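Novice: Structure supplied as model.cif; contents: mmCIF, C-alpha atoms.
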```cif
data_query
loop_
_atom_site.label_atom_id
_atom_site.label_comp_id
_atom_site.auth_asym_id
_atom_site.auth_seq_id
_atom_site.Cartn_x
_atom_site.Cartn_y
_atom_site.Cartn_z
CA MET A 635 23.15 -6.46 0.84
CA SER A 636 22.23 -3.56 -1.38
CA LEU A 637 18.50 -3.87 -0.57
CA TYR A 638 19.51 -3.60 3.06
CA GLN A 639 21.18 -0.26 2.30
CA LEU A 640 18.18 0.95 0.33
CA GLN A 641 15.82 0.13 3.19
CA LYS A 642 18.21 1.59 5.77
CA CYS A 643 18.09 4.92 3.97
CA LEU A 644 14.29 4.90 3.95
CA TYR A 645 14.15 3.76 7.57
CA ASN A 646 16.31 6.71 8.61
CA LEU A 647 14.29 9.07 6.46
CA ASN A 648 10.93 7.89 7.78
CA ARG A 649 11.79 8.45 11.43
CA ASP A 650 14.11 11.43 11.41
CA ASP A 651 13.04 14.95 10.42
CA ALA A 652 16.64 15.96 9.76
CA VAL A 653 17.00 13.17 7.19
CA LYS A 654 13.70 14.18 5.61
CA CYS A 655 15.08 17.71 5.32
CA ALA A 656 18.30 16.42 3.76
CA TYR A 657 16.30 14.38 1.24
CA GLU A 658 14.44 17.49 0.18
CA LYS A 659 17.35 19.93 0.14
CA ASP A 660 20.51 17.96 -0.67
CA ARG A 661 19.55 14.52 -1.85
CA ALA A 662 22.86 13.72 -3.53
CA THR A 663 24.81 14.23 -0.31
CA LEU A 664 22.34 12.14 1.65
CA LEU A 665 22.34 9.23 -0.78
CA GLN A 666 26.12 9.02 -1.05
CA ASP A 667 26.15 7.62 2.50
CA TYR A 668 24.49 4.43 1.24
CA ASP A 669 25.96 1.67 -0.92
CA LEU A 670 23.32 1.56 -3.64
CA THR A 671 23.12 0.14 -7.13
CA GLN A 672 22.39 2.58 -9.92
CA GLU A 673 18.81 1.33 -10.10
CA GLU A 674 18.31 1.74 -6.35
CA TYR A 675 19.84 5.20 -6.43
CA LEU A 676 17.53 6.23 -9.24
CA ALA A 677 14.48 4.87 -7.44
CA LEU A 678 15.30 6.81 -4.31
CA ASP A 679 16.36 9.95 -6.13
CA THR A 680 13.12 10.13 -8.09
CA GLY A 681 10.82 8.75 -5.37
CA ASP A 682 9.76 5.96 -7.73
CA ILE A 683 7.29 4.04 -5.57
CA GLY A 684 6.69 1.34 -8.17
CA LEU A 685 10.36 0.56 -8.64
CA LEU A 686 11.08 0.65 -4.91
CA TYR A 687 8.26 -1.85 -4.42
CA VAL A 688 9.59 -4.18 -7.10
CA LEU A 689 13.10 -3.95 -5.65
CA GLY A 690 11.72 -5.46 -2.46
CA VAL A 691 11.47 -2.58 -0.03
CA ASN A 692 9.40 -3.72 2.95
CA GLY A 693 5.86 -2.46 2.48
CA GLN A 694 5.71 -0.82 5.88
CA ILE A 695 8.83 1.20 5.11
CA LEU A 696 7.57 2.04 1.63
CA MET A 697 4.10 3.03 2.84
CA HIS A 698 5.55 5.55 5.28
CA PHE A 699 7.82 6.94 2.57
CA ALA A 700 4.86 7.34 0.22
CA ALA A 701 3.00 9.22 2.95
CA PHE A 702 6.02 11.51 3.33
CA LEU A 703 5.83 12.19 -0.42
CA SER A 704 2.13 13.04 0.03
CA VAL A 705 1.04 10.21 -2.25
CA GLU A 706 -2.67 9.57 -1.78
CA TRP A 707 -3.69 6.05 -0.73
CA PHE A 708 -5.22 4.78 -3.95
CA ASP A 709 -2.45 6.40 -5.98
CA TYR A 710 0.04 4.53 -3.80
CA LEU A 711 -1.63 1.20 -4.57
CA ASN A 712 -1.75 1.99 -8.27
CA LEU A 713 1.90 3.07 -8.35
CA MET A 714 2.89 -0.35 -6.99
CA ARG A 715 0.74 -2.09 -9.61
CA ALA A 716 2.29 0.07 -12.32
CA GLY A 717 5.74 -0.79 -11.00
CA ILE A 718 5.05 -4.49 -11.42
CA GLU A 719 3.66 -3.95 -14.89
CA LYS A 720 6.79 -2.06 -15.90
CA HIS A 721 9.53 -3.92 -14.02
CA GLY A 722 8.10 -7.36 -13.31
CA PRO A 723 7.33 -9.16 -10.03
CA VAL A 724 8.68 -8.13 -6.66
CA ARG A 725 12.24 -9.38 -6.51
CA ASN A 726 12.78 -9.80 -2.78
CA GLY A 727 11.14 -9.78 0.64
CA VAL A 728 7.68 -10.79 1.86
CA TYR A 729 5.56 -7.99 0.43
CA ALA A 730 4.92 -9.58 -2.96
CA MET A 731 1.66 -8.95 -4.80
CA THR A 732 -0.53 -12.06 -4.66
CA GLY A 733 -3.87 -10.81 -5.94
CA GLY A 734 -3.06 -10.27 -9.60
CA GLY A 735 -3.35 -6.52 -9.26
CA GLN A 736 -7.06 -6.46 -8.49
CA SER A 737 -8.60 -4.06 -5.99
CA PHE A 738 -9.91 -5.57 -2.76
CA THR A 739 -11.91 -2.51 -1.78
CA THR A 740 -15.02 -0.96 -3.25
CA GLU A 741 -13.71 2.48 -2.42
CA GLY A 742 -11.32 4.02 -4.88
CA VAL A 743 -12.44 1.87 -7.80
CA ILE A 744 -13.17 4.00 -10.83
CA MET B 267 -3.40 -9.29 41.24
CA SER B 268 -2.06 -6.17 39.59
CA LEU B 269 -2.86 -6.98 36.00
CA VAL B 270 -6.41 -5.67 35.84
CA TYR B 271 -7.28 -5.71 32.14
CA VAL B 272 -6.14 -7.57 29.02
CA GLY B 273 -7.53 -7.02 25.55
CA VAL B 274 -6.59 -7.07 21.89
CA THR B 275 -7.36 -4.64 19.12
CA SER B 276 -6.49 -3.81 15.54
CA HIS B 277 -4.09 -0.99 14.74
CA ALA B 278 -4.36 -0.50 10.99
CA PRO B 279 -3.52 3.05 9.84
CA GLY B 280 -6.67 3.12 7.73
CA MET B 281 -8.75 3.11 10.91
CA THR B 282 -7.94 6.80 11.27
CA GLY B 283 -6.25 7.77 8.02
CA ARG B 284 -8.93 6.47 5.68
CA ALA B 285 -11.99 6.75 7.91
CA HIS B 286 -13.37 9.51 5.69
CA LEU B 287 -13.22 7.27 2.61
CA VAL B 288 -15.35 4.44 4.02
CA ASP B 289 -18.48 3.48 2.08
CA ASN B 290 -19.87 1.23 4.82
CA THR B 291 -20.17 3.89 7.50
CA ALA B 292 -22.58 1.83 9.62
CA GLU B 293 -19.98 -0.92 10.00
CA ARG B 294 -17.24 1.62 10.67
CA ASP B 295 -19.27 3.32 13.37
CA ALA B 296 -20.15 -0.01 15.01
CA PHE B 297 -16.44 -0.84 15.11
CA TYR B 298 -15.67 2.54 16.63
CA ALA B 299 -18.40 1.98 19.24
CA SER B 300 -16.75 -1.28 20.21
CA LEU B 301 -13.42 0.46 20.56
CA ASP B 302 -15.12 2.98 22.81
CA GLU B 303 -16.37 0.13 24.98
CA GLN B 304 -12.79 -1.05 25.21
CA ARG B 305 -11.74 2.45 26.26
CA LYS B 306 -14.32 2.42 29.04
CA ASP B 307 -13.21 -1.03 30.20
CA ILE B 308 -9.63 0.18 30.50
CA GLU B 309 -10.68 3.33 32.33
CA ASN B 310 -12.97 1.39 34.68
CA SER B 311 -10.19 -1.07 35.48
CA GLY B 312 -8.41 1.64 37.45
CA ALA B 313 -5.17 0.95 35.62
CA LYS B 314 -2.41 3.47 36.28
CA ALA B 315 -0.47 2.42 33.19
CA LEU B 316 -1.12 0.62 29.93
CA ILE B 317 1.27 -1.87 28.40
CA VAL B 318 0.89 -1.88 24.62
CA VAL B 319 2.23 -5.08 23.08
CA ALA B 320 2.86 -3.92 19.55
CA ALA B 321 4.26 -5.04 16.24
CA GLU B 322 6.08 -1.89 15.27
CA HIS B 323 6.85 -1.13 11.66
CA PHE B 324 10.45 0.08 11.56
CA ALA B 325 9.91 3.15 13.70
CA ASN B 326 12.63 2.18 16.17
CA PHE B 327 14.20 -1.08 15.13
CA PHE B 328 15.89 -2.09 11.90
CA MET B 329 17.74 -5.15 10.69
CA ASP B 330 21.02 -3.75 12.05
CA ASN B 331 19.91 -4.66 15.56
CA MET B 332 16.46 -6.23 15.66
CA PRO B 333 15.32 -7.41 19.09
CA ALA B 334 12.95 -10.33 19.43
CA PHE B 335 11.38 -8.41 22.34
CA CYS B 336 11.82 -4.90 23.64
CA ILE B 337 10.28 -2.99 26.55
CA GLY B 338 10.20 0.81 26.60
CA LEU B 339 11.54 2.45 29.75
CA GLY B 340 11.29 6.05 28.60
CA ASP B 341 9.60 8.79 30.63
CA LYS B 342 7.92 10.03 27.46
CA HIS B 343 7.34 8.90 23.91
CA GLU B 344 6.56 10.75 20.70
CA GLY B 345 4.43 9.90 17.73
CA PRO B 346 3.29 9.32 15.16
CA ILE B 347 6.36 9.07 12.95
CA GLU B 348 4.04 9.11 9.94
CA ASP B 349 2.83 12.24 8.24
CA PRO B 350 0.02 13.48 10.54
CA ASP B 351 -2.16 14.42 7.58
CA TRP B 352 -1.84 10.88 6.22
CA LEU B 353 -2.60 9.14 9.53
CA ARG B 354 -4.96 11.90 10.67
CA ILE B 355 -3.42 11.87 14.11
CA GLU B 356 -1.52 14.93 15.27
CA LYS B 357 2.03 14.55 16.54
CA THR B 358 1.98 14.41 20.30
CA GLU B 359 3.93 13.43 23.37
CA VAL B 360 2.74 10.45 25.40
CA PRO B 361 3.81 9.88 29.01
CA GLY B 362 5.79 6.77 29.89
CA ALA B 363 6.10 4.97 33.21
CA PRO B 364 9.86 4.50 33.60
CA ASP B 365 10.00 3.23 37.16
CA LEU B 366 7.16 0.76 36.71
CA ALA B 367 8.45 -0.32 33.30
CA LYS B 368 11.90 -1.00 34.72
CA ARG B 369 10.49 -3.19 37.50
CA ILE B 370 8.41 -5.11 34.96
CA ALA B 371 11.42 -5.50 32.65
CA VAL B 372 13.62 -6.79 35.46
CA GLU B 373 11.08 -9.48 36.32
CA VAL B 374 10.43 -10.44 32.69
CA MET B 375 14.20 -10.91 32.24
CA GLN B 376 14.14 -13.74 34.74
CA THR B 377 12.68 -15.99 32.05
CA VAL B 378 12.78 -14.15 28.72
CA ASP B 379 15.73 -12.32 27.18
CA ILE B 380 14.61 -8.85 26.19
CA ALA B 381 16.06 -5.60 24.99
CA TYR B 382 15.02 -2.32 26.56
CA ALA B 383 14.84 1.18 25.16
CA GLU B 384 14.66 4.57 26.83
CA GLU B 385 13.74 6.17 23.52
CA TRP B 386 10.71 5.05 21.56
CA LYS B 387 8.93 6.61 18.63
CA PHE B 388 5.36 5.47 18.12
CA ASP B 389 4.09 4.57 14.68
CA HIS B 390 0.52 3.71 13.73
CA GLY B 391 0.87 0.39 15.53
CA ILE B 392 0.59 2.19 18.86
CA MET B 393 -0.81 5.60 17.94
CA VAL B 394 -3.99 4.26 16.31
CA PRO B 395 -5.01 2.19 19.37
CA LEU B 396 -4.17 5.12 21.67
CA HIS B 397 -6.26 7.45 19.52
CA PHE B 398 -9.29 5.35 20.43
CA LEU B 399 -8.38 3.97 23.86
CA THR B 400 -6.61 6.87 25.58
CA PRO B 401 -7.67 9.79 23.39
CA ARG B 402 -6.35 12.40 25.84
CA TYR B 403 -2.96 10.65 25.83
CA ASP B 404 -2.85 11.03 29.60
CA LEU B 405 -2.44 7.39 30.69
CA PRO B 406 1.23 6.40 31.02
CA ILE B 407 2.18 3.94 28.30
CA ILE B 408 4.76 1.16 28.47
CA PRO B 409 5.48 0.20 24.86
CA VAL B 410 6.48 -3.36 24.19
CA ASN B 411 7.51 -4.82 20.86
CA ILE B 412 7.62 -8.27 19.38
CA ASN B 413 9.46 -8.65 16.10
CA CYS B 414 6.70 -9.41 13.60
CA GLN B 415 8.28 -7.55 10.67
CA GLY B 416 11.90 -8.47 9.99
CA PRO B 417 12.49 -12.21 9.48
CA PRO B 418 13.73 -14.27 11.19
CA LEU B 419 10.72 -13.54 13.39
CA THR B 420 10.15 -14.20 17.06
CA PRO B 421 8.82 -17.77 17.38
CA LEU B 422 5.19 -18.08 18.48
CA SER B 423 6.18 -20.22 21.44
CA ARG B 424 8.45 -17.43 22.66
CA ALA B 425 5.66 -14.88 22.22
CA TRP B 426 3.56 -17.06 24.51
CA ALA B 427 6.39 -17.31 27.05
CA PHE B 428 6.80 -13.54 26.87
CA GLY B 429 3.12 -13.04 27.63
CA GLU B 430 3.40 -15.34 30.63
CA ALA B 431 6.44 -13.39 31.84
CA LEU B 432 4.57 -10.09 31.47
CA ARG B 433 1.74 -11.52 33.57
CA ARG B 434 4.12 -12.63 36.30
CA ALA B 435 5.87 -9.26 36.25
CA CYS B 436 2.63 -7.28 36.42
CA ASP B 437 1.37 -9.37 39.31
CA ALA B 438 4.59 -8.61 41.19
CA VAL B 439 4.02 -4.85 41.26
CA PRO B 440 1.48 -3.03 43.43
CA GLU B 441 0.25 -0.71 40.68
CA LYS B 442 -2.80 -1.66 38.64
CA VAL B 443 -1.71 -2.33 35.06
CA ALA B 444 -3.71 -2.86 31.86
CA LEU B 445 -2.35 -4.63 28.79
CA ILE B 446 -3.46 -4.50 25.19
CA GLY B 447 -2.12 -6.52 22.30
CA THR B 448 -2.34 -4.73 18.96
CA GLY B 449 -1.93 -6.25 15.55
CA GLY B 450 -3.70 -7.71 12.60
CA ILE B 451 -4.86 -11.19 11.82
CA SER B 452 -4.89 -12.01 8.11
CA HIS B 453 -3.99 -9.01 6.00
CA TRP B 454 -1.74 -7.94 3.16
CA PRO B 455 -1.05 -4.34 4.17
CA ALA B 456 1.01 -1.86 2.20
CA THR B 457 0.79 -3.95 -0.97
CA PRO B 458 -1.55 -3.79 -3.98
CA ASP B 459 -3.48 -6.55 -2.17
CA SER B 460 -4.40 -4.16 0.64
CA GLY B 461 -7.98 -4.95 1.66
CA LYS B 462 -7.63 -8.68 1.09
CA ILE B 463 -8.84 -10.52 4.22
CA ASN B 464 -9.13 -14.26 4.84
CA GLU B 465 -12.18 -14.23 7.09
CA VAL B 466 -12.28 -18.01 7.52
CA TRP B 467 -8.68 -18.03 8.73
CA ASP B 468 -9.34 -15.06 10.99
CA ARG B 469 -12.34 -16.64 12.66
CA GLU B 470 -10.50 -19.90 13.28
CA PHE B 471 -7.57 -18.01 14.78
CA LEU B 472 -9.94 -16.04 16.99
CA ARG B 473 -11.67 -19.24 18.08
CA ARG B 474 -8.33 -20.64 19.17
CA LEU B 475 -7.41 -17.36 20.85
CA MET B 476 -10.66 -16.87 22.76
CA SER B 477 -10.63 -20.47 23.99
CA GLN B 478 -6.98 -20.30 25.10
CA ASP B 479 -6.16 -23.26 22.86
CA LYS B 480 -2.41 -22.89 23.32
CA GLU B 481 -1.42 -25.97 21.33
CA ALA B 482 -3.47 -24.91 18.33
CA LEU B 483 -2.33 -21.29 18.55
CA LEU B 484 1.32 -22.25 18.57
CA SER B 485 0.95 -24.77 15.75
CA TYR B 486 0.91 -22.17 12.96
CA SER B 487 4.09 -22.17 10.90
CA ASP B 488 5.29 -18.91 9.38
CA GLU B 489 4.99 -20.51 5.96
CA GLU B 490 1.34 -21.41 6.57
CA THR B 491 0.59 -17.97 7.98
CA TYR B 492 2.22 -16.24 5.02
CA GLU B 493 0.26 -18.38 2.57
CA GLN B 494 -3.12 -18.07 4.29
CA ALA B 495 -2.89 -14.77 6.15
CA GLY B 496 -0.23 -12.76 4.37
CA GLN B 497 2.80 -11.07 5.83
CA GLY B 498 0.45 -9.06 8.03
CA GLY B 499 -0.58 -12.32 9.67
CA PHE B 500 2.81 -12.46 11.36
CA GLU B 501 1.38 -9.95 13.83
CA ILE B 502 -0.63 -12.70 15.54
CA ARG B 503 2.31 -12.77 17.94
CA THR B 504 0.93 -9.77 19.81
CA PHE B 505 -2.48 -11.38 20.25
CA ILE B 506 -0.88 -14.63 21.40
CA ALA B 507 1.23 -12.81 23.99
CA ALA B 508 -1.88 -11.05 25.30
CA ALA B 509 -3.74 -14.36 25.65
CA ALA B 510 -0.80 -15.86 27.51
CA ALA B 511 -0.75 -12.88 29.87
CA ALA B 512 -4.48 -13.13 30.57
CA GLN B 513 -4.63 -16.90 31.02
CA GLY B 514 -8.46 -16.71 31.05
CA GLN B 515 -11.13 -17.17 28.40
CA GLY B 516 -11.60 -14.47 25.79
CA GLU B 517 -14.71 -12.58 24.73
CA LEU B 518 -14.80 -11.49 21.11
CA GLN B 519 -16.55 -8.12 21.24
CA TYR B 520 -16.27 -7.24 17.57
CA TYR B 521 -14.98 -8.66 14.34
CA THR B 522 -15.74 -7.65 10.79
CA ALA B 523 -14.19 -8.33 7.43
CA GLU B 524 -16.55 -5.77 5.90
CA LEU B 525 -14.19 -2.80 6.15
CA PRO B 526 -11.49 -3.76 3.63
CA ILE B 527 -10.50 -0.11 3.23
CA PHE B 528 -9.01 -0.50 6.71
CA ALA B 529 -6.95 -3.37 5.26
CA VAL B 530 -7.57 -5.77 8.14
CA GLY B 531 -10.31 -7.77 9.82
CA CYS B 532 -11.25 -5.26 12.49
CA THR B 533 -11.08 -6.86 15.91
CA VAL B 534 -11.86 -5.96 19.52
CA ALA B 535 -11.70 -8.55 22.30
CA LYS B 536 -10.98 -8.87 25.98
CA PHE B 537 -9.97 -11.71 28.28
CA SER B 538 -10.90 -12.75 31.76
CA LEU B 539 -7.91 -12.90 34.08
CA SER B 540 -7.33 -16.21 35.77
CA ALA B 541 -6.08 -16.00 39.35
#
```
Written as structure tokens, how would this file's structure read?

Specialist:
Amino acid sequence: MSLYQLQKCLYNLNRDDAVKCAYEKDRATLLQDYDLTQEEYLALDTGDIGLLYVLGVNGQILMHFAAFLSVEWFDYLNLMRAGIEKHGPVRNGVYAMTGGGQSFTTEGVI
Amino acid sequence: MSLVYVGVTSHAPGMTGRAHLVDNTAERDAFYASLDEQRKDIENSGAKALIVVAAEHFANFFMDNMPAFCIGLGDKHEGPIEDPDWLRIEKTEVPGAPDLAKRIAVEVMQTVDIAYAEEWKFDHGIMVPLHFLTPRYDLPIIPVNINCQGPPLTPLSRAWAFGEALRRACDAVPEKVALIGTGGISHWPATPDSGKINEVWDREFLRRLMSQDKEALLSYSDEETYEQAGQGGFEIRTFIAAAAAAQGQGELQYYTAELPIFAVGCTVAKFSLSA
């Protein structure tokens, strides 16, 4: 149920400029409206893309949130990989990593 | 008949947002040229409105109230919800077709239970196709959604029935209407696997789609699709609905798996319309 709350917060943020503004200006007040675990709260509060990914946030919701945070595309992919390295496999949902962390594009490979 | 055009196309955000990062610019430009042919086909059809059968990505619907199908009745729509600098599409207002959409919805409801919405925010799933197909954003749009994102998903057989209902509804109105299904085939978007494409699976799906092989199209299980085509493969529902609406043979105008930075096998196709 808690993942539902986490995703609901991001869903509202992604589509509503007023919620985006609240996230930037008074994050604590915004987040208290959602029933989150301490780990989920921390991930949202710090914009931790890797942890949010591991917690099971739907990739489409997470991708839009990363864009809102102005995370560049290849950084976004690497943040998810780093999240798995630090926290382990994706715990929920259908957006698990299946490719072992490799890059599937020639672009962005250093 | 009032349905005058049916096609399918990809909608991946990379098609606009990461166009500047592409190494294989020749392939990218060939894909764009095919999209431009699709734009001309829609314009030449004389359509007064475009139905976009989309697989939206939590721009309007969440798991608190997720419809299997929804038709947009609004007089205008706004988008994209994404950061314009990220998607490289400016925020804009797109006209709707409320009277026409309502008549279509009423007829569809005779056989398929749908939700309707007078407010609709477009995400990349609609804005990217419109960027290429109606770049002046002057053709009224009737957004339609099939739940391809939040399991339990709309069954494939119901997506087919929905497409048939859309066809019947379009043929019951005097206005000329075009319809485009937008989605991906195999892809693993928004994950570290972004760019992974199962070309063999894609080409077999497209063979079934172009040949109107209904039995084979509806035989995919979600488990098989997830295994072979990723969670992005769930979006085949939009293509299946478009095929069911057209009822005629398809013509694959473009497919490439050589643009993985777009995170999908890039597809453009159109169907003949059976009488």

Novice: Which residue is closest to chain A? Choose from B:Gln497, B:Gln513, B:Asn290, B:Thr282 and count all atoms listed in the file.

Specialist: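 For chain A, the nearest of the given residues is B:Gln497.
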
Novice: So, with only C-alpha atoms as the atoms that count, which of A:Val688, A:Leu640, A:Val728, A:Cys655 lies closest to B:Cys414?

Specialist: A:Val728

Novice: Pull the neighbourhood of (5.3, -2.0, -11.8) for me: all residues within 12 Å in file coordinates, counting only C-alpha atoms, as a PyMOL selection string.

Specialist: (chain A and resi 682-690+710-725+730-731+734-735) or (chain B and resi 457-458)

Novice: For the provided coordinates, the residues matched by the PyMOL selection byres ((chain A) within 6 of (chain B)) should be stated as JSON, numbers by chain.

Specialist: {"A": [649, 693, 694, 697, 702, 711, 733, 738, 739]}

Novice: Env of B:Ala313: 10 Å cut, atoms = all atoms listed in the file, seq-sep filter 2 positions within chain, self excluded. Answer as a list of chain:residue names.

Specialist: B:Ser268, B:Leu269, B:Val270, B:Tyr271, B:Asp307, B:Ile308, B:Glu309, B:Asn310, B:Ser311, B:Ala315, B:Leu316, B:Leu405, B:Pro406, B:Glu441, B:Lys442, B:Val443, B:Ala444, B:Leu445

Novice: Taking the file as I've supplied it (selection: the PyMOL selection byres ((chain B and resi 473-481) around 10)), which residues are included? Please answer as a PyMOL selection string.

Specialist: chain B and resi 423+426+467-472+482-486+502+505-506+508-510+512-518+535-538

Novice: What does the distance between atom CA of B:Val410 and atom CA of B:Val318 come to in Å, to one decimal place?

Specialist: 5.8 Å

Novice: How many Å separate atom CA of A:Tyr638 from atom CA of B:Pro418?

Specialist: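 Spanning atom CA of A:Tyr638 to atom CA of B:Pro418 is a straight-line distance of 14.6 Å.
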
Novice: Hey, what's within 7 Å of stretch 661-670 of chain A if we count only C-alpha atoms and toss same-chain stuff fewer than 3 positions away? As a VMD selection string, please?

Specialist: chain A and resid 636 639 to 640 643 656 to 658 674 to 675

Novice: At a cut-off of 7 Å, using all atoms listed in the file, what residues contact B:Phe297? Leave out same-chain residues fewer than 4 positions from it and give the result as a list in words.

Specialist: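 Here the answer would be Glu293, Leu301 and Tyr520 of chain B.
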